[in-house]
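*Asks:* Quick one: structure below, then a few questions.
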Amino acid sequence: MPRFANSLAQCTRVHSLAQRALLASIVLLFTSFASAQTLIKADALVDVVGKRLIQEPTVLIEDGRITSLNANDAQASTIIDLSGHTLLPGLIDMHVHMTGSADEHGYKRLATSQTRAALRGAKNAERTLLAGVTSARNLGAPGFIDVALRDAINEGDVIGPRMFVSGPSLGITGGHCDNNLLPYEYQAQSDGVADGPWEVAKLVRRNIKYGADVIKVCATGGVLSKGTKVGVQQYSLEELKSVVDEAHRRGITVAAHAHGAEGINAAIQAGVDTIEHASFIDEEGIRLAKKNGTVLSMDIYVTEFILGEGEKAGILEESLEKERKTGGTQRENFRKAVQAGVPMVMGTDAGVYPHGDNLYQLSRMVEFGMTPMQALRAASINAAKVLNQEENIGSVSVGKSADLIAVKGNPLDNISLLEDVVFVMKDGEVVKSAE
Ligand code: ARG
């Protein structure tokens with residue numbers, strides 16, 4: 001009997017039988033909670049650290065953490081038998097917009113309030129988790145609604161992945177991260193607009209004040225914004241340096257949206273931690289990223305959605321036209337970056353396309369040059385490192401959070417199996433079961 005329960009029994013004067021029975025069941029409940037150990041068995045386990053497949057693994061879990069990788073049945077009160085399945089660490093998507101909706105782009109989006117978007121985020125978070133994404137980095141949300149969503153998940157109000165969030169993206173006046181849809185008299189401006197080194201530093205401070213875990217900065221134009229040129233640099237090197245200095249001084253990482261080569265190179269020189277999209281990265285960018293350890297997060301699946309479904313979702317014709325000139329090149333540059341050995345994570349831009357389809361990108365990452373193991377590492381251990389969460393997530397290892405997923409069959413033979421994740425556990429709790 002645990003010490004707490006023992007002393008509870010001693011110091012309580014129990015009179016009636018009913019009271020005794022009640023106390024006994026409380027003690028029993030407490031005892032079973034305190035010693036609840038779950039053992040998971042499967043056919044195989046993808047070891048993303050050792051870069052190998054482990055046959056017939058067992059994973060012992062207690063209090064939400066992995067406590068052993070070679071336990072036996074006798075040690076566990078619950079056994080989860082995943083015969084026929086392969087276990088993997090819960091995966092990490094490094095670029096999502098959890099409060100964004102794939103069916104609301106362009107002018108359609110203007111009719112949705114931030115509050116409504118936040119509530120929709122709750123549904124999106126659950127879908128994301130059930131698809132096997134147990135951690136997600138949210139890069140850009142108005143009004144700090146992603147901070148609220150992260151906190152609601154952590155406090156157990158909403159079911160979703162553990163989230164690392166940026167709050168509003170920093171961007172220049174009229175740039176990719178501003179709202180350029182309305183004429184002057186509406187005075188529409190996004191929450192993260194700042195110009196000049198001091199203004200951007202101030203917004204870094206503000207975003208940290210209101211709960212940001214990471215800073216998102218828009219270094220170049222983009223596809224989905226009105227009136228921006230996708231390849232053109234927007235923030236100057238000086239401004240980017242100011243963002244990075246301020247964030248790093250506070251122990252916070254910086255993710256830079258950057259499509260064009262000049263903006264990518266400036267962002268790397270400024271010291272950002274990840275380059276998002278990296279569509280037109282050139283030889284110099286590849287060299288610099290490798291040298292500085294800047295991590296690329298290239299969303300190479302989303303182009304299929306934008307060109308296939310984008311028009312009816314409200315994406316502007318000018319954006320469709322930009323995408324036609326971006327998606328293909330980005331995929332070829334992904335291949336070059338993989339070949340050159342630049343560090344990579346999986347970032348999808350889910351929210352532009354439907355939440356829950358995040359892991360469709362893995363098969364494209366393999367199609368464009370990665371081995372299945374490389375793609376899975378990009379979506380797990382590599383991401384955990386960038387998040388400074390290597391002690392806690394990113395692999396099935398003793399001491400880490402019990403974030404585990406399973407697929408039927410061997411994903412190293414067929415990476416598309418990740419499009420049908422049948423079992424999901426987060427923090428030791430089963431949120432989706434194989435039966
Ligand atoms: N949010 C990004 C932008 O608007 C999406 C880019 C999508 N296209 C692509 N090929 N990755 O710029």
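Naming works like this for the structure tokens: A, B, ... for the chains as they're shown, residue 1 at the start of each chain, ligands 1 onward in shown order.
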Check which residues fall inside 8 Å of ligand 1 when counting only C-alpha atoms and all ligand atoms, and print them as an mmCIF file with all heavy atoms, in the first residue's frame.
*Replies:*
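Final file, pocket-v9.cif:
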```
data_model
loop_
_atom_site.group_PDB
_atom_site.id
_atom_site.type_symbol
_atom_site.label_atom_id
_atom_site.label_comp_id
_atom_site.auth_asym_id
_atom_site.auth_seq_id
_atom_site.Cartn_x
_atom_site.Cartn_y
_atom_site.Cartn_z
ATOM 1 N N HIS A 176 3.754 39.602 -46.827
ATOM 2 C CA HIS A 176 3.037 38.315 -46.824
ATOM 3 C C HIS A 176 2.227 38.119 -45.549
ATOM 4 O O HIS A 176 1.155 37.511 -45.585
ATOM 5 C CB HIS A 176 4.043 37.167 -47.006
ATOM 6 C CG HIS A 176 3.416 35.820 -46.914
ATOM 7 N ND1 HIS A 176 2.520 35.358 -47.860
ATOM 8 C CD2 HIS A 176 3.511 34.831 -45.981
ATOM 9 C CE1 HIS A 176 2.113 34.133 -47.520
ATOM 10 N NE2 HIS A 176 2.695 33.794 -46.389
ATOM 11 N N GLY A 221 7.998 37.436 -49.697
ATOM 12 C CA GLY A 221 6.607 37.344 -50.126
ATOM 13 C C GLY A 221 6.134 35.892 -50.076
ATOM 14 O O GLY A 221 6.905 34.988 -49.737
ATOM 15 N N GLY A 222 4.863 35.687 -50.419
ATOM 16 C CA GLY A 222 4.322 34.335 -50.322
ATOM 17 C C GLY A 222 3.303 34.047 -51.401
ATOM 18 O O GLY A 222 2.962 34.922 -52.216
ATOM 19 N N VAL A 223 2.812 32.824 -51.366
ATOM 20 C CA VAL A 223 1.863 32.357 -52.372
ATOM 21 C C VAL A 223 0.452 32.859 -52.058
ATOM 22 O O VAL A 223 -0.244 33.397 -52.923
ATOM 23 C CB VAL A 223 1.870 30.804 -52.427
ATOM 24 C CG1 VAL A 223 0.758 30.280 -53.324
ATOM 25 C CG2 VAL A 223 3.237 30.291 -52.892
ATOM 26 N N LEU A 224 0.025 32.715 -50.822
ATOM 27 C CA LEU A 224 -1.385 32.920 -50.508
ATOM 28 C C LEU A 224 -1.728 34.363 -50.123
ATOM 29 O O LEU A 224 -2.898 34.681 -49.903
ATOM 30 C CB LEU A 224 -1.819 31.949 -49.404
ATOM 31 C CG LEU A 224 -1.686 30.459 -49.803
ATOM 32 C CD1 LEU A 224 -2.029 29.547 -48.626
ATOM 33 C CD2 LEU A 224 -2.588 30.116 -50.998
ATOM 34 N N SER A 225 -0.733 35.229 -50.040
ATOM 35 C CA SER A 225 -1.025 36.631 -49.717
ATOM 36 C C SER A 225 -1.298 37.413 -50.990
ATOM 37 O O SER A 225 -0.731 37.116 -52.052
ATOM 38 C CB SER A 225 0.170 37.243 -48.980
ATOM 39 O OG SER A 225 1.375 36.962 -49.675
ATOM 40 N N VAL A 230 6.279 36.173 -54.629
ATOM 41 C CA VAL A 230 6.658 35.027 -53.798
ATOM 42 C C VAL A 230 8.160 34.963 -53.526
ATOM 43 O O VAL A 230 8.594 34.634 -52.422
ATOM 44 C CB VAL A 230 6.080 33.712 -54.379
ATOM 45 C CG1 VAL A 230 6.715 33.339 -55.691
ATOM 46 C CG2 VAL A 230 6.193 32.576 -53.398
ATOM 47 N N HIS A 257 9.543 32.330 -42.536
ATOM 48 C CA HIS A 257 8.888 32.050 -43.814
ATOM 49 C C HIS A 257 9.785 32.660 -44.890
ATOM 50 O O HIS A 257 10.034 33.871 -44.877
ATOM 51 C CB HIS A 257 7.499 32.693 -43.810
ATOM 52 C CG HIS A 257 6.915 32.950 -45.169
ATOM 53 N ND1 HIS A 257 5.891 32.197 -45.697
ATOM 54 C CD2 HIS A 257 7.232 33.876 -46.107
ATOM 55 C CE1 HIS A 257 5.605 32.657 -46.899
ATOM 56 N NE2 HIS A 257 6.401 33.672 -47.181
ATOM 57 N N HIS A 259 10.633 32.029 -49.209
ATOM 58 C CA HIS A 259 10.584 31.265 -50.472
ATOM 59 C C HIS A 259 11.787 31.584 -51.368
ATOM 60 O O HIS A 259 12.361 30.706 -51.984
ATOM 61 C CB HIS A 259 9.314 31.609 -51.264
ATOM 62 C CG HIS A 259 8.057 31.022 -50.717
ATOM 63 N ND1 HIS A 259 7.702 29.699 -50.888
ATOM 64 C CD2 HIS A 259 7.035 31.593 -50.026
ATOM 65 C CE1 HIS A 259 6.525 29.473 -50.331
ATOM 66 N NE2 HIS A 259 6.098 30.613 -49.795
ATOM 67 N N HIS A 277 9.329 26.647 -45.964
ATOM 68 C CA HIS A 277 9.092 26.600 -47.423
ATOM 69 C C HIS A 277 10.400 26.410 -48.211
ATOM 70 O O HIS A 277 10.552 25.415 -48.899
ATOM 71 C CB HIS A 277 8.318 27.821 -47.947
ATOM 72 C CG HIS A 277 7.132 28.176 -47.096
ATOM 73 N ND1 HIS A 277 6.078 27.308 -46.926
ATOM 74 C CD2 HIS A 277 6.838 29.278 -46.349
ATOM 75 C CE1 HIS A 277 5.189 27.856 -46.110
ATOM 76 N NE2 HIS A 277 5.624 29.047 -45.739
ATOM 77 N N SER A 279 11.443 27.359 -50.932
ATOM 78 C CA SER A 279 11.123 26.891 -52.294
ATOM 79 C C SER A 279 12.227 27.131 -53.318
ATOM 80 O O SER A 279 12.549 26.259 -54.112
ATOM 81 C CB SER A 279 9.849 27.579 -52.782
ATOM 82 O OG SER A 279 8.839 27.422 -51.823
ATOM 83 N N MET A 298 10.270 22.067 -45.376
ATOM 84 C CA MET A 298 9.726 22.301 -46.724
ATOM 85 C C MET A 298 8.396 21.569 -46.892
ATOM 86 O O MET A 298 8.332 20.350 -46.839
ATOM 87 C CB MET A 298 10.756 21.860 -47.770
ATOM 88 C CG MET A 298 12.059 22.652 -47.668
ATOM 89 S SD MET A 298 13.365 22.146 -48.827
ATOM 90 C CE MET A 298 12.773 22.790 -50.390
ATOM 91 N N ASP A 299 7.344 22.366 -47.116
ATOM 92 C CA ASP A 299 5.967 21.839 -47.162
ATOM 93 C C ASP A 299 5.624 21.349 -48.566
ATOM 94 O O ASP A 299 4.842 21.969 -49.272
ATOM 95 C CB ASP A 299 4.991 22.928 -46.700
ATOM 96 C CG ASP A 299 5.159 24.247 -47.452
ATOM 97 O OD1 ASP A 299 6.247 24.474 -48.034
ATOM 98 O OD2 ASP A 299 4.209 25.053 -47.471
ATOM 99 N N ILE A 300 6.153 20.202 -48.933
ATOM 100 C CA ILE A 300 6.047 19.796 -50.342
ATOM 101 C C ILE A 300 4.771 19.033 -50.696
ATOM 102 O O ILE A 300 4.630 18.599 -51.831
ATOM 103 C CB ILE A 300 7.283 18.998 -50.812
ATOM 104 C CG1 ILE A 300 7.445 17.723 -49.989
ATOM 105 C CG2 ILE A 300 8.534 19.862 -50.741
ATOM 106 C CD1 ILE A 300 8.500 16.782 -50.573
ATOM 107 N N TYR A 301 3.847 18.877 -49.753
ATOM 108 C CA TYR A 301 2.578 18.223 -50.136
ATOM 109 C C TYR A 301 1.506 19.240 -50.530
ATOM 110 O O TYR A 301 0.733 19.015 -51.468
ATOM 111 C CB TYR A 301 2.051 17.363 -48.979
ATOM 112 C CG TYR A 301 0.669 16.802 -49.253
ATOM 113 C CD1 TYR A 301 0.503 15.754 -50.146
ATOM 114 C CD2 TYR A 301 -0.465 17.335 -48.650
ATOM 115 C CE1 TYR A 301 -0.765 15.236 -50.429
ATOM 116 C CE2 TYR A 301 -1.732 16.835 -48.930
ATOM 117 C CZ TYR A 301 -1.871 15.793 -49.815
ATOM 118 O OH TYR A 301 -3.117 15.293 -50.091
ATOM 119 N N VAL A 302 1.493 20.382 -49.846
ATOM 120 C CA VAL A 302 0.376 21.324 -49.920
ATOM 121 C C VAL A 302 0.070 21.809 -51.345
ATOM 122 O O VAL A 302 -1.074 22.140 -51.677
ATOM 123 C CB VAL A 302 0.615 22.515 -48.955
ATOM 124 C CG1 VAL A 302 1.789 23.375 -49.376
ATOM 125 C CG2 VAL A 302 -0.634 23.364 -48.783
ATOM 126 N N THR A 303 1.064 21.811 -52.200
ATOM 127 C CA THR A 303 0.854 22.256 -53.588
ATOM 128 C C THR A 303 -0.262 21.466 -54.276
ATOM 129 O O THR A 303 -1.029 22.015 -55.070
ATOM 130 C CB THR A 303 2.181 22.182 -54.392
ATOM 131 O OG1 THR A 303 1.975 22.737 -55.673
ATOM 132 C CG2 THR A 303 2.714 20.761 -54.523
ATOM 133 N N ILE A 306 -3.545 22.988 -53.085
ATOM 134 C CA ILE A 306 -3.775 24.351 -53.592
ATOM 135 C C ILE A 306 -4.206 24.304 -55.056
ATOM 136 O O ILE A 306 -5.204 24.928 -55.449
ATOM 137 C CB ILE A 306 -2.512 25.228 -53.416
ATOM 138 C CG1 ILE A 306 -2.222 25.438 -51.919
ATOM 139 C CG2 ILE A 306 -2.672 26.579 -54.123
ATOM 140 C CD1 ILE A 306 -0.931 26.190 -51.611
ATOM 141 N N SER A 319 -2.836 33.890 -56.540
ATOM 142 C CA SER A 319 -2.129 32.927 -55.691
ATOM 143 C C SER A 319 -1.981 31.583 -56.407
ATOM 144 O O SER A 319 -0.936 30.931 -56.317
ATOM 145 C CB SER A 319 -2.861 32.727 -54.367
ATOM 146 O OG SER A 319 -2.793 33.906 -53.592
ATOM 147 N N GLU A 323 1.439 29.679 -57.213
ATOM 148 C CA GLU A 323 1.681 28.276 -56.830
ATOM 149 C C GLU A 323 2.162 27.450 -58.021
ATOM 150 O O GLU A 323 3.037 26.596 -57.883
ATOM 151 C CB GLU A 323 0.417 27.654 -56.218
ATOM 152 C CG GLU A 323 0.608 26.237 -55.697
ATOM 153 C CD GLU A 323 1.692 26.108 -54.628
ATOM 154 O OE1 GLU A 323 1.740 26.935 -53.711
ATOM 155 O OE2 GLU A 323 2.522 25.163 -54.733
ATOM 156 N N THR A 326 5.724 27.688 -58.184
ATOM 157 C CA THR A 326 6.484 27.442 -56.949
ATOM 158 C C THR A 326 6.603 25.951 -56.597
ATOM 159 O O THR A 326 7.686 25.447 -56.313
ATOM 160 C CB THR A 326 5.828 28.191 -55.763
ATOM 161 O OG1 THR A 326 5.734 29.575 -56.103
ATOM 162 C CG2 THR A 326 6.623 28.043 -54.481
ATOM 163 N N GLY A 327 5.461 25.265 -56.602
ATOM 164 C CA GLY A 327 5.403 23.891 -56.081
ATOM 165 C C GLY A 327 6.421 22.936 -56.702
ATOM 166 O O GLY A 327 7.118 22.213 -55.985
ATOM 167 N N GLY A 328 6.521 22.947 -58.024
ATOM 168 C CA GLY A 328 7.412 22.015 -58.721
ATOM 169 C C GLY A 328 8.874 22.277 -58.395
ATOM 170 O O GLY A 328 9.642 21.357 -58.093
ATOM 171 N N GLN A 330 10.024 23.801 -55.794
ATOM 172 C CA GLN A 330 10.259 23.486 -54.379
ATOM 173 C C GLN A 330 10.580 21.998 -54.211
ATOM 174 O O GLN A 330 11.483 21.628 -53.464
ATOM 175 C CB GLN A 330 9.017 23.854 -53.558
ATOM 176 C CG GLN A 330 9.216 23.691 -52.055
ATOM 177 C CD GLN A 330 7.913 23.806 -51.290
ATOM 178 O OE1 GLN A 330 6.840 23.460 -51.791
ATOM 179 N NE2 GLN A 330 7.987 24.300 -50.058
ATOM 180 N N ASP A 349 2.282 22.872 -43.301
ATOM 181 C CA ASP A 349 1.324 23.964 -43.554
ATOM 182 C C ASP A 349 -0.128 23.477 -43.479
ATOM 183 O O ASP A 349 -1.026 24.079 -44.082
ATOM 184 C CB ASP A 349 1.588 24.650 -44.909
ATOM 185 C CG ASP A 349 1.520 26.182 -44.807
ATOM 186 O OD1 ASP A 349 1.147 26.704 -43.733
ATOM 187 O OD2 ASP A 349 1.825 26.851 -45.811
ATOM 188 N N VAL A 352 -3.777 25.151 -44.267
ATOM 189 C CA VAL A 352 -3.980 25.545 -45.665
ATOM 190 C C VAL A 352 -4.715 24.378 -46.339
ATOM 191 O O VAL A 352 -5.631 24.586 -47.121
ATOM 192 C CB VAL A 352 -2.630 25.815 -46.372
ATOM 193 C CG1 VAL A 352 -2.840 25.967 -47.875
ATOM 194 C CG2 VAL A 352 -1.960 27.042 -45.789
#
```
*Asks:* Can you pull out the residues contacting region 308-310 of chain A? Cut-off 10 Å, using only C-alpha atoms, and skip same-chain residues under 3 positions away; I want them as a ChimeraX atom specification.
*Replies:* /A:102-106,302-305,313-317,319-320,352-353
*Asks:* Write the residues of the preceding selection, restricted to N, CA and C atoms, as a PDB file, in the first residue's frame.
*Replies:*
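Saved file again.pdb follows:
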```pdb
ATOM      1  N   ALA A 102      -9.075  24.828 -44.192  1.00  0.00           N
ATOM      2  CA  ALA A 102      -8.730  24.574 -45.597  1.00  0.00           C
ATOM      3  C   ALA A 102      -9.827  25.042 -46.555  1.00  0.00           C
ATOM      4  N   ASP A 103     -11.062  25.136 -46.054  1.00  0.00           N
ATOM      5  CA  ASP A 103     -12.142  25.538 -46.966  1.00  0.00           C
ATOM      6  C   ASP A 103     -12.435  27.043 -46.895  1.00  0.00           C
ATOM      7  N   GLU A 104     -11.562  27.775 -46.217  1.00  0.00           N
ATOM      8  CA  GLU A 104     -11.767  29.222 -46.102  1.00  0.00           C
ATOM      9  C   GLU A 104     -10.493  29.974 -46.421  1.00  0.00           C
ATOM     10  N   HIS A 105     -10.347  30.350 -47.652  1.00  0.00           N
ATOM     11  CA  HIS A 105      -9.156  31.111 -48.045  1.00  0.00           C
ATOM     12  C   HIS A 105      -9.586  32.462 -48.611  1.00  0.00           C
ATOM     13  N   GLY A 106      -8.606  33.355 -48.802  1.00  0.00           N
ATOM     14  CA  GLY A 106      -8.870  34.646 -49.436  1.00  0.00           C
ATOM     15  C   GLY A 106      -9.969  35.413 -48.727  1.00  0.00           C
ATOM     16  N   VAL A 302       1.493  20.382 -49.846  1.00  0.00           N
ATOM     17  CA  VAL A 302       0.376  21.324 -49.920  1.00  0.00           C
ATOM     18  C   VAL A 302       0.070  21.809 -51.345  1.00  0.00           C
ATOM     19  N   THR A 303       1.064  21.811 -52.200  1.00  0.00           N
ATOM     20  CA  THR A 303       0.854  22.256 -53.588  1.00  0.00           C
ATOM     21  C   THR A 303      -0.262  21.466 -54.276  1.00  0.00           C
ATOM     22  N   GLU A 304      -0.375  20.181 -53.937  1.00  0.00           N
ATOM     23  CA  GLU A 304      -1.413  19.347 -54.565  1.00  0.00           C
ATOM     24  C   GLU A 304      -2.804  19.836 -54.180  1.00  0.00           C
ATOM     25  N   PHE A 305      -2.946  20.225 -52.918  1.00  0.00           N
ATOM     26  CA  PHE A 305      -4.241  20.744 -52.471  1.00  0.00           C
ATOM     27  C   PHE A 305      -4.528  22.099 -53.109  1.00  0.00           C
ATOM     28  N   ALA A 313     -11.995  26.782 -52.589  1.00  0.00           N
ATOM     29  CA  ALA A 313     -11.802  27.179 -51.189  1.00  0.00           C
ATOM     30  C   ALA A 313     -11.590  28.692 -51.052  1.00  0.00           C
ATOM     31  N   GLY A 314     -11.547  29.381 -52.186  1.00  0.00           N
ATOM     32  CA  GLY A 314     -11.429  30.847 -52.123  1.00  0.00           C
ATOM     33  C   GLY A 314     -10.028  31.376 -52.403  1.00  0.00           C
ATOM     34  N   ILE A 315      -9.093  30.505 -52.732  1.00  0.00           N
ATOM     35  CA  ILE A 315      -7.735  30.995 -53.028  1.00  0.00           C
ATOM     36  C   ILE A 315      -7.788  31.865 -54.291  1.00  0.00           C
ATOM     37  N   LEU A 316      -7.160  33.038 -54.200  1.00  0.00           N
ATOM     38  CA  LEU A 316      -7.216  34.010 -55.297  1.00  0.00           C
ATOM     39  C   LEU A 316      -6.500  33.473 -56.534  1.00  0.00           C
ATOM     40  N   GLU A 317      -6.944  33.900 -57.695  1.00  0.00           N
ATOM     41  CA  GLU A 317      -6.306  33.467 -58.938  1.00  0.00           C
ATOM     42  C   GLU A 317      -4.819  33.839 -58.952  1.00  0.00           C
ATOM     43  N   SER A 319      -2.836  33.890 -56.540  1.00  0.00           N
ATOM     44  CA  SER A 319      -2.129  32.927 -55.691  1.00  0.00           C
ATOM     45  C   SER A 319      -1.981  31.583 -56.407  1.00  0.00           C
ATOM     46  N   LEU A 320      -3.034  31.185 -57.111  1.00  0.00           N
ATOM     47  CA  LEU A 320      -2.949  29.926 -57.878  1.00  0.00           C
ATOM     48  C   LEU A 320      -1.823  30.037 -58.903  1.00  0.00           C
ATOM     49  N   VAL A 352      -3.777  25.151 -44.267  1.00  0.00           N
ATOM     50  CA  VAL A 352      -3.980  25.545 -45.665  1.00  0.00           C
ATOM     51  C   VAL A 352      -4.715  24.378 -46.339  1.00  0.00           C
ATOM     52  N   TYR A 353      -4.315  23.163 -45.993  1.00  0.00           N
ATOM     53  CA  TYR A 353      -5.033  21.960 -46.450  1.00  0.00           C
ATOM     54  C   TYR A 353      -5.608  21.258 -45.218  1.00  0.00           C
TER      55      TYR A 353
END
```
*Asks:* Residues of region 129-377 of chain A in alpha helix (DSSP H) according to DSSP, as a PyMOL selection string?
*Replies:* chain A and resi 129-130+145-154+197-209+237-249+261-270+283-292+302-309+317-324+327-340+360-367+372-377
*Asks:* Counting only C-alpha atoms, which residues of region 38-105 of chain A sit at most 10 Å from some atom of region 111-135 of chain A, and what is each one's closest atom pair with its distance in Å to one decimal, listed by chain and rising residue number, as CSV?
*Replies:*
```
residue,atom,partner,partner_atom,distance
A:Leu88,CA,A:Gly132,CA,9.5
A:Pro89,CA,A:Thr134,CA,8.8
A:Gly90,CA,A:Thr134,CA,5.1
A:Leu91,CA,A:Val133,CA,4.7
A:Ile92,CA,A:Ser135,CA,4.8
A:Asp93,CA,A:Ser135,CA,6.6
A:Met94,CA,A:Ser135,CA,8.3
A:Val96,CA,A:Thr128,CA,9.8
A:His97,CA,A:Gly121,CA,8.7
A:Met98,CA,A:Gly121,CA,5.3
A:Thr99,CA,A:Gly121,CA,4.2
A:Gly100,CA,A:Ala117,CA,6.8
A:Ser101,CA,A:Ala117,CA,8.1
A:Glu104,CA,A:Thr112,CA,8.8
```
*Asks:* Store the residues of this selection in a file with all heavy atoms, as a short mmCIF file (atom, residue, chain, number, x, y, z; two decimals), in the first residue's frame.
*Replies:*
```cif
data_model
loop_
_atom_site.label_atom_id
_atom_site.label_comp_id
_atom_site.auth_asym_id
_atom_site.auth_seq_id
_atom_site.Cartn_x
_atom_site.Cartn_y
_atom_site.Cartn_z
N LEU A 88 5.77 3.42 -33.63
CA LEU A 88 6.67 4.54 -33.94
C LEU A 88 6.49 5.58 -32.85
O LEU A 88 5.47 5.59 -32.16
CB LEU A 88 6.31 5.20 -35.28
CG LEU A 88 6.26 4.36 -36.53
CD1 LEU A 88 4.83 3.96 -36.85
CD2 LEU A 88 6.83 5.12 -37.71
N PRO A 89 7.46 6.50 -32.74
CA PRO A 89 7.21 7.61 -31.82
C PRO A 89 6.08 8.47 -32.37
O PRO A 89 5.90 8.55 -33.60
CB PRO A 89 8.53 8.38 -31.84
CG PRO A 89 9.21 7.99 -33.11
CD PRO A 89 8.75 6.60 -33.43
N GLY A 90 5.32 9.11 -31.51
CA GLY A 90 4.32 10.08 -31.98
C GLY A 90 5.04 11.09 -32.85
O GLY A 90 6.13 11.53 -32.51
N LEU A 91 4.43 11.49 -33.97
CA LEU A 91 5.17 12.34 -34.92
C LEU A 91 4.93 13.83 -34.63
O LEU A 91 4.02 14.20 -33.90
CB LEU A 91 4.83 11.95 -36.35
CG LEU A 91 5.27 10.51 -36.69
CD1 LEU A 91 4.95 10.17 -38.13
CD2 LEU A 91 6.76 10.27 -36.42
N ILE A 92 5.81 14.63 -35.22
CA ILE A 92 5.83 16.07 -34.95
C ILE A 92 5.70 16.83 -36.26
O ILE A 92 6.49 16.62 -37.18
CB ILE A 92 7.16 16.46 -34.24
CG1 ILE A 92 7.37 15.60 -32.98
CG2 ILE A 92 7.18 17.95 -33.91
CD1 ILE A 92 8.74 15.76 -32.32
N ASP A 93 4.71 17.71 -36.34
CA ASP A 93 4.56 18.57 -37.52
C ASP A 93 5.04 19.96 -37.12
O ASP A 93 4.49 20.59 -36.21
CB ASP A 93 3.09 18.61 -37.96
CG ASP A 93 2.92 19.30 -39.30
OD1 ASP A 93 3.78 20.13 -39.67
OD2 ASP A 93 1.91 19.03 -39.98
N MET A 94 6.07 20.44 -37.79
CA MET A 94 6.72 21.70 -37.40
C MET A 94 6.11 22.94 -38.05
O MET A 94 6.61 24.05 -37.84
CB MET A 94 8.21 21.62 -37.74
CG MET A 94 8.96 20.61 -36.88
SD MET A 94 9.03 21.09 -35.15
CE MET A 94 10.47 22.16 -35.20
N VAL A 96 2.15 24.10 -38.72
CA VAL A 96 0.70 23.99 -38.90
C VAL A 96 0.05 25.34 -38.61
O VAL A 96 0.66 26.23 -38.01
CB VAL A 96 0.05 22.93 -37.97
CG1 VAL A 96 0.68 21.56 -38.18
CG2 VAL A 96 0.15 23.32 -36.50
N HIS A 97 -1.19 25.47 -39.07
CA HIS A 97 -2.05 26.60 -38.69
C HIS A 97 -3.31 25.98 -38.13
O HIS A 97 -4.29 25.76 -38.84
CB HIS A 97 -2.35 27.48 -39.91
CG HIS A 97 -1.11 28.12 -40.47
ND1 HIS A 97 -0.56 29.26 -39.91
CD2 HIS A 97 -0.30 27.76 -41.49
CE1 HIS A 97 0.55 29.58 -40.58
NE2 HIS A 97 0.73 28.69 -41.53
N MET A 98 -3.25 25.63 -36.84
CA MET A 98 -4.32 24.83 -36.23
C MET A 98 -5.66 25.56 -36.25
O MET A 98 -6.70 24.93 -36.21
CB MET A 98 -3.90 24.50 -34.79
CG MET A 98 -4.55 23.27 -34.23
SD MET A 98 -4.00 21.77 -35.08
CE MET A 98 -2.67 21.25 -34.00
N THR A 99 -5.63 26.89 -36.28
CA THR A 99 -6.88 27.63 -36.25
C THR A 99 -7.32 28.06 -37.65
O THR A 99 -8.31 28.77 -37.80
CB THR A 99 -6.75 28.87 -35.33
OG1 THR A 99 -5.67 29.68 -35.80
CG2 THR A 99 -6.46 28.45 -33.90
N GLY A 100 -6.59 27.61 -38.65
CA GLY A 100 -6.97 27.92 -40.04
C GLY A 100 -7.81 26.80 -40.64
O GLY A 100 -7.71 25.65 -40.22
N SER A 101 -8.62 27.16 -41.62
CA SER A 101 -9.50 26.17 -42.26
C SER A 101 -9.20 26.06 -43.74
O SER A 101 -9.16 27.07 -44.45
CB SER A 101 -10.96 26.58 -42.11
OG SER A 101 -11.39 26.27 -40.83
N GLU A 104 -11.56 27.77 -46.22
CA GLU A 104 -11.77 29.22 -46.10
C GLU A 104 -10.49 29.97 -46.42
O GLU A 104 -9.64 30.18 -45.55
CB GLU A 104 -12.17 29.57 -44.67
CG GLU A 104 -13.64 29.67 -44.47
CD GLU A 104 -13.97 30.13 -43.05
OE1 GLU A 104 -13.08 30.61 -42.32
OE2 GLU A 104 -15.13 29.99 -42.69
#
```
*Asks:* Output as a short mmCIF file (atom, residue, chain, number, x, y, z; two decimals) with all heavy atoms, in the first residue's frame all residues of region 236-267 of chain A that backbone DSSP marks as strand (DSSP E).
*Replies:*
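Output (states_20.cif):
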```
data_model
loop_
_atom_site.label_atom_id
_atom_site.label_comp_id
_atom_site.auth_asym_id
_atom_site.auth_seq_id
_atom_site.Cartn_x
_atom_site.Cartn_y
_atom_site.Cartn_z
N THR A 253 13.38 30.30 -30.17
CA THR A 253 13.84 30.08 -31.55
C THR A 253 13.03 30.92 -32.54
O THR A 253 11.94 31.42 -32.22
CB THR A 253 13.72 28.59 -31.93
OG1 THR A 253 12.37 28.18 -31.70
CG2 THR A 253 14.68 27.73 -31.14
N VAL A 254 13.59 31.03 -33.76
CA VAL A 254 12.93 31.82 -34.82
C VAL A 254 12.72 30.95 -36.05
O VAL A 254 13.64 30.29 -36.53
CB VAL A 254 13.79 33.05 -35.20
CG1 VAL A 254 13.13 33.84 -36.32
CG2 VAL A 254 14.03 33.95 -33.99
N ALA A 255 11.49 30.98 -36.55
CA ALA A 255 11.15 30.30 -37.79
C ALA A 255 10.88 31.36 -38.85
O ALA A 255 10.04 32.24 -38.65
CB ALA A 255 9.90 29.44 -37.60
N ALA A 256 11.60 31.29 -39.98
CA ALA A 256 11.42 32.31 -41.01
C ALA A 256 10.70 31.73 -42.23
O ALA A 256 11.17 30.78 -42.85
CB ALA A 256 12.78 32.87 -41.44
N HIS A 257 9.54 32.33 -42.54
CA HIS A 257 8.89 32.05 -43.81
C HIS A 257 9.78 32.66 -44.89
O HIS A 257 10.03 33.87 -44.88
CB HIS A 257 7.50 32.69 -43.81
CG HIS A 257 6.92 32.95 -45.17
ND1 HIS A 257 5.89 32.20 -45.70
CD2 HIS A 257 7.23 33.88 -46.11
CE1 HIS A 257 5.60 32.66 -46.90
NE2 HIS A 257 6.40 33.67 -47.18
N ALA A 258 10.30 31.84 -45.81
CA ALA A 258 11.15 32.38 -46.87
C ALA A 258 11.09 31.47 -48.10
O ALA A 258 11.44 30.29 -48.03
CB ALA A 258 12.59 32.52 -46.38
#
```
